[in-house]
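J.: Contents of query.cif (mmCIF, C-alpha atoms) are below:
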data_model
#
loop_
_atom_site.label_atom_id
_atom_site.label_comp_id
_atom_site.auth_asym_id
_atom_site.auth_seq_id
_atom_site.Cartn_x
_atom_site.Cartn_y
_atom_site.Cartn_z
CA MET N 389 199.89 98.86 222.09
CA ASP N 390 202.16 96.01 223.23
CA ASN N 391 205.33 94.92 221.42
CA PHE N 392 203.52 92.19 219.51
CA ASP N 393 200.97 94.68 218.14
CA ILE N 394 203.72 97.15 217.16
CA ILE N 395 205.29 94.57 214.84
CA ASN N 396 201.89 93.63 213.43
CA LYS N 397 201.17 97.30 212.77
CA ALA N 398 204.38 97.49 210.75
CA PHE N 399 203.29 94.46 208.71
CA ARG N 400 199.87 96.03 208.07
CA THR N 401 201.58 99.24 206.96
CA ILE N 402 203.90 97.69 204.36
CA LEU N 403 201.50 95.05 202.97
CA PRO N 404 199.71 97.19 200.30
CA ILE N 405 203.01 98.54 198.96
CA LEU N 406 204.68 95.12 198.89
CA ALA N 407 201.72 93.35 197.25
CA ASN N 408 201.36 96.00 194.55
CA TYR N 409 205.11 95.94 193.81
CA ILE N 410 204.95 92.17 193.37
CA GLY N 411 201.97 92.45 191.02
CA ILE N 412 203.54 95.14 188.85
CA THR N 413 206.89 93.30 188.65
CA LEU N 414 205.37 89.94 187.77
CA LYS N 415 203.05 91.45 185.15
CA GLU N 416 206.08 92.98 183.45
CA LYS N 417 207.57 89.49 183.25
CA ASP N 418 204.44 87.74 181.93
CA GLU N 419 201.37 89.93 181.59
CA LYS N 420 198.87 87.16 180.81
CA ASN N 421 200.01 84.32 183.07
CA TRP N 422 201.84 86.07 185.92
CA TRP N 423 199.37 85.10 188.64
CA LYS N 424 199.35 81.38 187.89
CA LYS N 425 203.01 81.09 186.86
CA TYR N 426 204.70 83.09 189.59
CA VAL N 427 202.19 83.13 192.46
CA LEU N 428 199.99 80.03 192.45
CA ASN N 429 202.78 77.78 191.18
CA SER N 430 205.26 79.02 193.78
CA LEU N 431 203.16 78.69 196.94
CA ASN N 432 202.19 75.61 198.91
CA GLU N 433 198.77 74.02 198.66
CA SER N 434 197.46 75.32 201.98
CA THR N 435 198.22 78.89 200.91
CA ILE N 436 196.81 78.78 197.38
CA ARG N 437 193.52 77.38 198.71
CA ASN N 438 192.90 80.87 200.07
CA LEU N 439 193.81 82.67 196.84
CA PRO N 440 191.58 83.29 193.81
CA LYS N 441 192.23 81.23 190.69
CA ASN N 442 190.71 83.91 188.47
CA GLY N 443 189.86 87.57 188.92
CA THR N 444 190.97 91.15 188.39
CA TYR N 445 194.35 92.58 189.29
CA ASP N 446 192.86 94.07 192.46
CA ASP N 447 191.33 90.69 193.40
CA TYR N 448 194.76 89.09 193.15
CA ILE N 449 196.68 91.79 195.00
CA ASN N 450 194.12 92.17 197.79
CA SER N 451 194.19 88.43 198.49
CA LEU N 452 197.89 88.38 199.39
CA ASP N 453 199.06 88.51 202.98
CA ILE N 454 202.57 89.22 204.24
CA GLN N 455 203.68 85.60 204.24
CA ALA N 456 202.44 85.00 200.71
CA CYS N 457 204.23 88.13 199.48
CA LEU N 458 207.52 87.08 201.07
CA ASN N 459 207.26 83.54 199.72
CA VAL N 460 206.54 84.79 196.20
CA ILE N 461 209.67 86.96 196.30
CA ILE N 462 211.84 84.18 197.72
CA LYS N 463 210.59 81.48 195.35
CA ASN N 464 210.93 83.70 192.28
CA TRP N 465 214.13 85.47 193.29
CA ASN N 466 216.48 84.04 190.67
CA GLU N 467 214.09 84.32 187.74
CA VAL N 468 212.45 87.68 188.52
CA PHE N 469 213.42 89.75 191.52
CA SER N 470 217.21 89.38 191.46
CA ASN N 471 217.16 91.53 188.33
CA LYS N 472 215.34 94.30 190.20
CA LEU N 473 216.81 94.32 193.71
CA LYS N 474 220.12 93.88 195.47
CA ASN N 475 220.97 90.48 196.96
CA LYS N 476 220.63 91.75 200.53
CA PHE N 477 216.91 92.24 199.85
CA LEU N 478 216.54 88.45 199.69
CA THR N 479 218.28 88.12 203.05
CA TYR N 480 215.89 90.63 204.58
CA ALA N 481 212.90 88.80 203.07
CA HIS N 482 214.03 85.59 204.80
CA GLU N 483 214.54 87.43 208.11
CA ILE N 484 211.08 89.01 208.00
CA LYS N 485 209.52 85.68 207.06
CA ASN N 486 211.15 84.11 210.12
CA ILE N 487 209.80 86.89 212.34
CA ARG N 488 206.29 86.37 210.97
CA ASN N 489 206.53 82.57 211.32
CA GLU N 490 207.68 82.83 214.93
CA ILE N 491 204.82 85.13 215.87
CA ASP N 492 202.21 82.99 214.08
CA ALA N 493 203.45 79.72 215.55
CA HIS N 494 204.18 80.79 219.12
CA TYR N 495 201.77 83.56 220.06
CA THR N 496 201.54 82.97 223.80
CA MET N 497 202.02 85.13 226.85
CA GLU N 498 205.49 83.64 227.20
CA LEU N 499 206.38 84.83 223.71
CA ILE N 500 205.17 88.33 224.47
CA LYS N 501 207.56 88.37 227.40
CA THR N 502 210.42 87.62 225.02
CA LEU N 503 209.40 90.41 222.62
CA ASN N 504 211.22 93.12 224.51
CA GLU N 505 211.96 96.54 223.11
CA LYS N 506 215.34 95.44 221.76
CA ASP N 507 213.74 92.57 219.79
CA VAL N 508 211.05 94.85 218.40
CA LYS N 509 213.48 97.54 217.31
CA ARG N 510 215.68 94.98 215.57
CA ALA N 511 212.66 93.60 213.72
CA LEU N 512 211.51 97.09 212.73
CA ASP N 513 215.01 97.98 211.54
CA THR N 514 214.90 95.02 209.17
CA ILE N 515 211.45 96.00 207.89
CA ILE N 516 212.62 99.61 207.37
CA ILE N 517 215.61 98.53 205.25
CA PHE N 518 213.50 95.95 203.42
CA ILE N 519 210.77 98.34 202.27
CA GLU N 520 212.99 101.37 201.50
CA PRO N 521 213.84 100.38 197.88
CA LEU N 522 210.11 100.04 197.16
CA ASP N 523 208.75 103.11 198.95
CA LYS N 524 210.96 105.53 200.87
CA THR N 525 207.95 107.28 202.45
CA MET N 526 206.64 103.98 203.76
CA SER N 527 210.07 103.22 205.18
CA GLU N 528 209.95 106.53 207.02
CA ASN N 529 206.49 105.65 208.38
CA ILE N 530 207.87 102.45 209.89
CA LEU N 531 210.71 104.50 211.38
CA MET N 532 208.05 106.65 213.06
CA ILE N 533 206.46 103.51 214.51
CA LYS N 534 209.87 102.48 215.84
CA ASN N 535 210.47 105.91 217.36
CA SER N 536 207.09 105.80 219.08
CA LEU N 537 208.22 102.94 221.31
CA SER N 538 208.02 104.01 224.91
CA LYS N 539 211.42 104.77 226.45
CA ASP N 540 210.08 103.49 229.71
CA ASN N 541 209.30 99.98 228.42
CA ASN N 542 210.70 97.30 230.66
CA ASP N 543 211.96 94.21 228.81
CA ASN N 544 209.95 91.87 230.98
CA ASN N 545 206.86 94.00 231.34
CA ILE N 546 203.53 92.87 229.92
CA LYS N 547 200.99 95.60 229.37
CA SER N 548 197.98 94.96 231.59
CA SER N 549 194.46 95.18 230.24
CA ASP N 550 192.88 98.34 231.64
CA ASN N 551 190.75 101.20 230.39
CA SER N 552 193.61 103.43 229.27
CA GLU N 553 193.14 102.59 225.59
CA ILE N 554 189.33 102.57 225.36
CA ILE N 555 186.46 105.02 225.79
CA ILE N 556 183.11 104.16 227.33
CA GLU N 557 180.36 106.60 226.36
CA ILE N 558 176.77 106.46 227.51
CA SER N 559 173.72 108.48 226.61
CA ILE N 560 171.25 109.71 229.19
CA LYS N 561 168.20 111.26 227.52
CA ASN N 562 170.21 111.72 224.29
CA LYS N 563 173.05 113.49 226.09
CA LYS N 564 176.49 111.90 225.81
CA GLU N 565 178.63 111.31 228.87
CA LYS N 566 181.86 109.41 229.46
CA ILE N 567 182.38 106.99 232.31
CA LYS N 568 185.64 105.52 233.57
CA ASN N 569 184.89 101.82 233.83
CA LEU N 570 182.29 99.13 233.23
CA ASN N 571 181.30 98.94 236.87
CA GLU N 572 179.71 102.37 236.61
CA LEU N 573 177.15 100.97 234.17
CA GLU N 574 175.51 99.19 237.08
CA ASN N 575 174.93 102.46 238.93
CA VAL N 576 173.79 104.81 236.17
CA ASN N 577 170.40 104.92 234.43
CA TRP N 578 171.77 105.10 230.87
CA ASN N 579 169.96 104.58 227.56
CA THR N 580 172.80 103.64 225.21
CA VAL N 581 176.37 102.48 225.71
CA HIS N 582 179.20 102.72 223.18
CA ILE N 583 182.64 101.22 223.87
CA PHE N 584 185.38 101.97 221.37
CA SER N 585 189.13 102.39 221.01
CA LYS N 586 190.88 105.52 222.19
CA ASP N 587 192.59 106.57 218.99
CA GLY N 588 192.19 109.34 216.47
CA ASN N 589 189.63 107.49 214.36
CA ASN N 590 187.89 105.41 217.06
CA GLU N 591 188.88 102.56 214.74
CA TYR N 592 187.58 99.69 216.86
CA ARG N 593 184.09 99.46 218.36
CA TYR N 594 183.59 96.72 220.92
CA VAL N 595 180.01 97.16 222.09
CA LEU N 596 176.95 99.15 221.11
CA GLY N 597 173.97 98.51 223.33
CA SER N 598 170.69 99.71 224.74
CA ASN N 599 169.70 99.32 228.38
CA GLY N 600 166.99 96.90 229.43
CA LYS N 601 166.11 93.90 231.55
CA THR N 602 165.83 91.31 228.76
CA PRO N 603 168.37 92.07 225.99
CA ILE N 604 168.92 90.13 222.81
CA ILE N 605 172.54 90.08 221.64
CA PHE N 606 173.25 90.33 217.93
CA PHE N 607 176.59 88.80 216.94
CA GLY N 608 177.93 90.08 213.60
CA ILE N 609 181.25 89.99 211.79
CA ASN N 610 182.35 93.64 212.27
CA PRO N 611 180.80 96.95 213.36
CA SER N 612 179.69 99.73 211.05
CA LYS N 613 180.85 103.33 211.26
CA ALA N 614 177.70 104.31 213.17
CA THR N 615 177.54 105.16 216.88
CA GLY N 616 173.84 104.68 217.47
CA PHE N 617 173.37 107.61 219.84
CA ASN N 618 170.60 109.28 217.86
CA THR N 619 168.56 108.79 214.69
CA SER N 620 171.17 110.27 212.37
CA GLU N 621 173.94 108.11 213.89
CA SER N 622 171.88 104.96 214.29
CA ASP N 623 173.45 101.64 213.37
CA PRO N 624 171.21 99.96 210.75
CA THR N 625 171.54 96.59 212.48
CA THR N 626 170.16 98.09 215.69
CA ASP N 627 167.03 99.18 213.84
CA ILE N 628 166.71 95.76 212.19
CA ILE N 629 166.88 93.95 215.54
CA LYS N 630 164.38 96.34 217.16
CA ASN N 631 161.92 95.89 214.29
CA LEU N 632 162.46 92.14 214.31
CA SER N 633 161.69 91.89 218.01
CA LYS N 634 158.51 93.91 217.54
CA LYS N 635 157.36 92.05 214.41
CA LEU N 636 157.92 88.56 215.84
CA LYS N 637 156.60 89.60 219.27
CA LEU N 638 159.81 88.52 220.95
CA ASP N 639 160.17 89.20 224.64
CA TYR N 640 163.22 91.49 224.39
CA ASP N 641 163.24 95.09 225.52
CA SER N 642 166.81 95.98 224.45
CA CYS N 643 169.75 94.75 222.41
CA TYR N 644 173.54 94.68 222.24
CA LEU N 645 175.68 94.51 219.11
CA ILE N 646 178.95 92.59 219.33
CA ASN N 647 181.22 91.31 216.56
CA VAL N 648 183.81 88.70 215.69
CA TYR N 649 186.32 91.46 214.91
CA PRO N 650 185.89 94.99 216.31
CA GLN N 651 187.30 97.09 213.46
CA ARG N 652 184.73 99.53 212.09
CA ALA N 653 184.32 99.11 208.34
CA GLY N 654 181.63 99.63 205.73
CA LYS N 655 182.12 96.09 204.40
CA PRO N 656 183.98 93.02 205.75
CA GLU N 657 186.28 93.08 202.72
CA TYR N 658 187.64 96.41 203.98
CA LEU N 659 188.93 94.83 207.19
CA GLU N 660 192.68 94.87 207.74
CA LYS N 661 194.49 91.78 206.53
CA GLU N 662 196.93 91.67 209.43
CA PRO N 663 194.83 91.61 212.62
CA ASN N 664 195.27 93.70 215.74
CA ASP N 665 195.51 91.04 218.44
CA GLN N 666 195.35 93.54 221.28
CA SER N 667 191.96 94.72 220.02
CA HIS N 668 190.86 91.10 219.74
CA LYS N 669 191.77 90.54 223.39
CA GLU N 670 189.86 93.68 224.36
CA ASN N 671 186.90 92.45 222.30
CA ILE N 672 186.80 89.18 224.24
CA ARG N 673 187.01 91.13 227.48
CA PHE N 674 183.90 93.19 226.71
CA ILE N 675 181.99 90.32 225.15
CA LYS N 676 182.46 88.32 228.35
CA HIS N 677 181.14 91.29 230.32
CA ILE N 678 178.02 91.62 228.15
CA ILE N 679 177.10 87.95 227.84
CA LYS N 680 175.58 86.53 231.00
CA ARG N 681 174.55 82.98 231.79
CA ASN N 682 171.45 81.92 229.77
CA SER N 683 171.82 84.87 227.37
CA THR N 684 170.13 84.81 223.98
CA ILE N 685 172.38 85.44 220.98
CA PHE N 686 171.24 86.06 217.42
CA ALA N 687 174.09 84.86 215.14
CA GLY N 688 174.42 86.81 211.91
CA TRP N 689 178.05 87.03 210.78
CA GLY N 690 177.48 85.55 207.32
CA ASN N 691 179.71 83.28 205.30
CA LEU N 692 183.12 83.05 206.96
CA GLU N 693 184.59 80.72 204.34
CA ASP N 694 184.72 83.55 201.78
CA LYS N 695 186.92 85.47 204.26
CA LYS N 696 189.72 82.90 204.11
CA HIS N 697 192.25 85.50 203.02
CA ARG N 698 191.62 86.90 206.50
CA LYS N 699 192.16 83.66 208.35
CA TYR N 700 192.03 85.39 211.71
CA ILE N 701 188.23 85.88 211.41
CA ILE N 702 187.53 82.16 211.75
CA GLN N 703 190.17 81.68 214.44
CA TYR N 704 188.90 84.64 216.45
CA LEU N 705 185.30 83.37 216.40
CA ILE N 706 186.49 79.99 217.68
CA GLU N 707 188.45 81.69 220.48
CA ILE N 708 185.46 83.83 221.47
CA TYR N 709 183.19 80.79 221.54
CA ASN N 710 185.60 78.88 223.77
CA GLU N 711 185.49 81.77 226.27
CA ILE N 712 181.67 81.74 226.55
CA LYS N 713 180.62 78.17 225.67
CA ASP N 714 179.88 77.19 229.29
CA LEU N 715 177.27 79.93 229.85
CA ASN N 716 174.29 77.90 228.60
CA ILE N 717 173.68 80.36 225.76
CA ILE N 718 170.61 80.08 223.53
CA TRP N 719 171.68 80.62 219.92
CA TYR N 720 169.33 81.68 217.12
CA CYS N 721 169.76 82.54 213.45
CA LEU N 722 167.68 83.20 210.37
CA PRO N 723 166.47 80.28 208.23
CA ASN N 724 168.12 79.52 204.87
CA LYS N 725 171.70 79.49 206.11
CA LEU N 726 174.41 80.40 203.62
CA GLN N 727 175.87 77.24 202.02
CA ASN N 728 173.47 75.51 204.44
CA ILE N 729 176.00 76.29 207.19
CA HIS N 730 176.60 79.95 207.99
CA PRO N 731 174.14 82.24 209.83
CA PRO N 732 173.04 85.04 207.42
CA HIS N 733 172.95 88.71 208.32
CA PRO N 734 169.35 90.02 208.49
CA ALA N 735 169.98 93.04 206.25
CA ARG N 736 167.46 93.39 203.41
CA LYS N 737 165.74 90.11 204.25
CA THR N 738 162.07 89.41 204.86
CA ILE N 739 162.09 87.84 208.30
CA THR N 740 159.20 85.68 209.44
CA LYS N 741 160.91 83.55 212.08
CA LEU N 742 164.12 82.60 213.82
CA GLU N 743 165.46 79.09 214.28
CA ILE N 744 167.79 77.42 216.73
CA PHE N 745 171.43 77.64 215.65
CA LYS N 746 173.59 74.67 216.67
CA MET N 747 176.67 76.65 217.56
CA ASP N 748 178.71 73.73 218.91
CA GLU N 749 178.36 71.82 215.64
CA TYR N 750 179.18 74.95 213.66
CA ILE N 751 182.41 75.53 215.60
CA LYS N 752 183.49 71.92 215.03
CA MET N 753 182.99 72.49 211.29
CA LEU N 754 185.11 75.67 211.40
CA GLU N 755 187.90 73.86 213.24
CA GLU N 756 188.12 71.38 210.36
CA LEU N 757 188.48 74.02 207.64
#
Starting from the file, give its structure as structure tokens.

T.:
Amino acid sequence: MDNFDIINKAFRTILPILANYIGITLKEKDEKNWWKKYVLNSLNESTIRNLPKNGTYDDYINSLDIQACLNVIIKNWNEVFSNKLKNKFLTYAHEIKNIRNEIDAHYTMELIKTLNEKDVKRALDTIIIFIEPLDKTMSENILMIKNSLSKDNNDNNIKSSDNSEIIIEISIKNKKEKIKNLNELENVNWNTVHIFSKDGNNEYRYVLGSNGKTPIIFFGINPSKATGFNTSESDPTTDIIKNLSKKLKLDYDSCYLINVYPQRAGKPEYLEKEPNDQSHKENIRFIKHIIKRNSTIFAGWGNLEDKKHRKYIIQYLIEIYNEIKDLNIIWYCLPNKLQNIHPPHPARKTITKLEIFKMDEYIKMLEEL
């Protein structure tokens, strides 16, 4: 994890606590109209476009990101939060907002160079003090993140992309084996490949694929919890694509599953609100390895506009497309696109045909959202 991702992890950690505290505090002030009065009326137009106008308490709280939370506190400080918290809390809210703004506006390799260990520790110190009045345990968790920083970090060092943080597993006749790098795939007669993050929960899955000469690539929004190595672990989408190819007599003998965002989750709404950019970069790396010139891709990520509270989903798809757009890819999708725009997922649908998907036009539409 590089310094940029460490700060983002801290934001992801405090977000649920901060959002719930805001909701509880504002409901105490005005139980019926708190959302409209203190949230929608205090945020700018571009932000409230991504927030629900009506819904349940959970709908409201789950729609907030870090920036929205900080702005709600700052805008309503005098009327609401100054009665609950010490004045220094407002100062810390402004400092954290500035950190978040700087990262959002200037995320480049040059910025990562400037995020040395000293900068990261100072930012984490502010977050620790900021969250402590709301949840002491959460504050201690951020302290653990700070303490996990490598003592050997060099201020000007950028972590290189290698295989140290990922695992590549293959199956050979239903027996799992691990290989060290992607190049070995060319020299081994494997049946299934599974590339995922090297952490306690294998939280991110980059590729799930079967070996063959003419693969079809299914492009979804995020991977399931499945591994696909045997019947009991099979990814449902893999089975759908296999059955589709057979039913429509398509000339594909294998398939790969890739996704806009690699976090494994039962539903897209369970995806983290603050993205892991390092995993996104790894995702692009593996996608570029899988997709060859003249590949066929079956688009099926669904309606991205209803994921606006996770703005990174749209941005990440655009970035992935820009990396592969010159490979003369043939794009397909199911008929009856969602809102007449978005490629639907094939789950629980009667499929009789595929149609050409005009990916270049679709990306232009996303860029205008």

J.: Suppose a student applies the PyMOL selection byres ((chain N and resi 554-568) around 9) to this structure; what residues should they get, written as a PyMOL selection string?

T.: chain N and resi 550-553+569-573+576-587+590+617-618+670

J.: Smallest atom-to-atom distance to Glu657 of chain N: which of N:Ile679, N:Ile685, N:Leu636, N:Ile609, using all atoms listed in the file?

T.: N:Ile609

J.: Would you kindly return, as a ChimeraX atom specification, each protein, DNA or RNA residue with an atom no farther than 12 Å from any atom of Trp423 of chain N, considering only C-alpha atoms and excluding same-chain residues fewer than 4 positions away?

T.: /N:410-419,427-431,436,439-449,451-452,460

J.: For Glu528 of chain N, which of N:Leu512, N:Leu596, N:Ile454, N:Leu659 is the closest residue, counting all atoms listed in the file?

T.: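 The shortest atom-to-atom distance to Glu528 of chain N comes from N:Leu512.
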
J.: Compare N:Leu522, N:Ile672, N:Ile729, N:Ala481 by their minimum atom-to-atom distance to Glu749 of chain N, counting only C-alpha atoms, and give me the closest one.

T.: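 Among the listed residues, N:Ile729 lies closest to Glu749 of chain N.
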
J.: Taking all atoms listed in the file into account, name the residue in N:Thr626, N:Ser683, N:Asn450, N:Asn647 that is nearest to Ile708 of chain N.

T.: N:Asn647

J.: Could you tell me which of N:Thr401, N:Asn391, N:Gln666, N:Asn438 comes closest to Val508 of chain N if we count all atoms listed in the file?

T.: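 Selected residue with least distance to Val508 of chain N: N:Asn391.
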
J.: Smallest atom-to-atom distance to Ile678 of chain N: which of N:Ala735, N:Val468, N:Leu645, N:Met526, using only C-alpha atoms?

T.: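 Smallest distance to Ile678 of chain N is found for N:Leu645.
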
J.: Set the distance at 12 Å and use all atoms listed in the file: which residues neighbour Lys699 of chain N once local chain neighbours fewer than 6 positions away are removed? I'd like the list as a ChimeraX atom specification.

T.: /N:434-435,437-439,451-453,492,649,659-663,692-693,705-706,754-755,757

J.: Provide the atom CA of Ile484 of chain N to atom CA of Lys506 of chain N distance in Å, to one decimal place.

T.: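 Spanning atom CA of Ile484 of chain N to atom CA of Lys506 of chain N is a straight-line distance of 15.8 Å.
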
J.: Can you put N, CA and C atoms back into segment 623-650 of chain N and show it as a compact mmCIF listing (two decimals), in the frame of the given file?

T.:
# COMPACT_ATOMS: atom_id res chain seq x y z
N ASP N 623 172.92 102.78 214.09
CA ASP N 623 173.45 101.64 213.37
C ASP N 623 172.28 100.90 212.73
N PRO N 624 172.33 100.63 211.42
CA PRO N 624 171.21 99.96 210.75
C PRO N 624 170.83 98.63 211.38
N THR N 625 171.83 97.89 211.87
CA THR N 625 171.54 96.59 212.48
C THR N 625 170.72 96.76 213.75
N THR N 626 170.97 97.83 214.50
CA THR N 626 170.16 98.09 215.69
C THR N 626 168.69 98.23 215.32
N ASP N 627 168.42 98.99 214.28
CA ASP N 627 167.03 99.18 213.84
C ASP N 627 166.41 97.88 213.38
N ILE N 628 167.21 97.06 212.67
CA ILE N 628 166.71 95.76 212.19
C ILE N 628 166.30 94.88 213.37
N ILE N 629 167.15 94.82 214.38
CA ILE N 629 166.88 93.95 215.54
C ILE N 629 165.66 94.46 216.31
N LYS N 630 165.54 95.78 216.47
CA LYS N 630 164.38 96.34 217.16
C LYS N 630 163.09 96.00 216.41
N ASN N 631 163.11 96.19 215.09
CA ASN N 631 161.92 95.89 214.29
C ASN N 631 161.60 94.40 214.29
N LEU N 632 162.64 93.58 214.28
CA LEU N 632 162.46 92.14 214.31
C LEU N 632 161.77 91.72 215.61
N SER N 633 162.26 92.23 216.72
CA SER N 633 161.69 91.89 218.01
C SER N 633 160.20 92.27 218.09
N LYS N 634 159.90 93.44 217.53
CA LYS N 634 158.51 93.91 217.54
C LYS N 634 157.64 93.06 216.61
N LYS N 635 158.13 92.79 215.41
CA LYS N 635 157.36 92.05 214.41
C LYS N 635 157.07 90.62 214.85
N LEU N 636 158.08 89.95 215.43
CA LEU N 636 157.92 88.56 215.84
C LEU N 636 157.41 88.42 217.27
N LYS N 637 157.12 89.57 217.90
CA LYS N 637 156.60 89.60 219.27
C LYS N 637 157.53 88.85 220.22
N LEU N 638 158.82 89.13 220.07
CA LEU N 638 159.81 88.52 220.95
C LEU N 638 159.87 89.28 222.26
N ASP N 639 160.20 88.59 223.31
CA ASP N 639 160.17 89.20 224.64
C ASP N 639 161.50 89.83 224.99
N TYR N 640 161.96 90.80 224.14
CA TYR N 640 163.22 91.49 224.39
C TYR N 640 162.97 93.00 224.40
N ASP N 641 163.48 93.65 225.41
CA ASP N 641 163.24 95.09 225.52
C ASP N 641 164.48 95.92 225.16
N SER N 642 165.57 95.26 224.75
CA SER N 642 166.81 95.98 224.45
C SER N 642 167.71 95.05 223.65
N CYS N 643 168.83 95.60 223.16
CA CYS N 643 169.75 94.75 222.41
C CYS N 643 171.18 95.26 222.52
N TYR N 644 172.13 94.35 222.34
CA TYR N 644 173.54 94.68 222.24
C TYR N 644 174.04 94.21 220.88
N LEU N 645 174.98 94.94 220.33
CA LEU N 645 175.68 94.51 219.11
C LEU N 645 177.12 94.19 219.48
N ILE N 646 177.55 92.98 219.18
CA ILE N 646 178.95 92.59 219.33
C ILE N 646 179.40 91.97 218.01
N ASN N 647 180.71 91.78 217.84
CA ASN N 647 181.22 91.31 216.56
C ASN N 647 182.42 90.40 216.72
N VAL N 648 182.65 89.59 215.69
CA VAL N 648 183.81 88.70 215.69
C VAL N 648 185.10 89.52 215.73
N TYR N 649 185.15 90.59 214.94
CA TYR N 649 186.32 91.46 214.91
C TYR N 649 185.84 92.90 215.06
N PRO N 650 186.46 93.70 215.93
CA PRO N 650 185.89 94.99 216.31
C PRO N 650 186.23 96.16 215.41
